[in-house]
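Peer 1: I have a structure here, written as structure tokens, and I will follow up with some questions on it.
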Amino acid sequence: MVPQDSVLITDFLSGNNASFEVLLNRYKNRVYGFVYSKVNDANLADDIFQDTFVKVVKTLRSGRYNEEGRFLSWVLRIAHNLIVDHYRKSNRMPKYESSREEYDVVANLSDDNLNAEFCMIESQIHTDLVSLIKELPDTQQEVIRMRLYKDMSFKDIADNTGVSINTALGRMRYAVINLRKLIDERNLIFTQ
């Protein structure tokens, strides 16, 4: 059984440094990918990535971390803030093209927006999941699309595909098993 983040954090705070290594290994690819996608420079991404986890350790040890949200969201928020700090210090916020007009990252992340980090994570999870579903056999892809995207019952799926309900259920079961294998093979994290 994979230990939950909160258990690992408690173990780390009790002196078990190996627990933090598990957390780091669990999220390092996602955090580094997030940072790199914003700065587009490997050296800078390495620096911000390291600063992020230094700040995470300091905050955990100081007792200022509270389990209000998910650990990954909190780490990504720290990384985001360090990225913004870097651009503020260098006095050059990156500009992004919009269909309407140019805008900077800070202006786009106002309180008017729904939790921006959550939206970015949601988008990445959706992209990863769509990519994984495309690797499944056609019959399993079909059942997933009908069930998840069209909200069809298994009876309707069976009727539309010309198979029994048990076959439709079996295809969904194998699709879920295969998706879990793909997620494990690629060390992806799907948390919400």
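Chain labels run A, B, ... following the order of the structure tokens; each chain numbers its residues from 1, and ligands are numbered from 1 in the order shown.
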Which polymer residues have any atom within 10 Å of an atom of Ser164 in chain A, counting only C-alpha atoms, with same-chain residues fewer than 6 positions away left out, as a list in words?
Peer 2: Phe154, Lys155, Ile157, Ala158 and Gly170 of chain A
Peer 1: Which residues come within 12 Å of Val130 in chain A, counting only C-alpha atoms, excluding same-chain residues fewer than 4 positions away, as a PyMOL selection string?
Peer 2: chain A and resi 123-126+134-136+141+144-145+148-149+179
Peer 1: Which distance in Å separates CA of Leu44 in chain A and CA of Arg77 in chain A, to one decimal?
Peer 2: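 So the answer is 17.3 Å.
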Peer 1: Please measure the separation of CA of Asn178 in chain A and CA of Thr127 in chain A, giving the value in Å to one decimal.
Peer 2: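 One can read the CA of Asn178 in chain A to CA of Thr127 in chain A distance as 17.2 Å.
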Peer 1: Rounded to one decimal, what separation in Å do you get between CA of Lys28 in chain A and CA of Ser14 in chain A?
Peer 2: 22.2 Å
Peer 1: At a cut-off of 7 Å, using only C-alpha atoms, what residues contact range 35-39 of chain A? Leave out same-chain residues fewer than 6 positions from it and give the result as a VMD selection string.
Peer 2: chain A and resid 45 49 79
Peer 1: Between A:Asn29, A:Asn66, A:Thr139, A:Gln4, which residue has the minimum interatomic distance to Thr167 in chain A, considering only C-alpha atoms?
Peer 2: A:Thr139
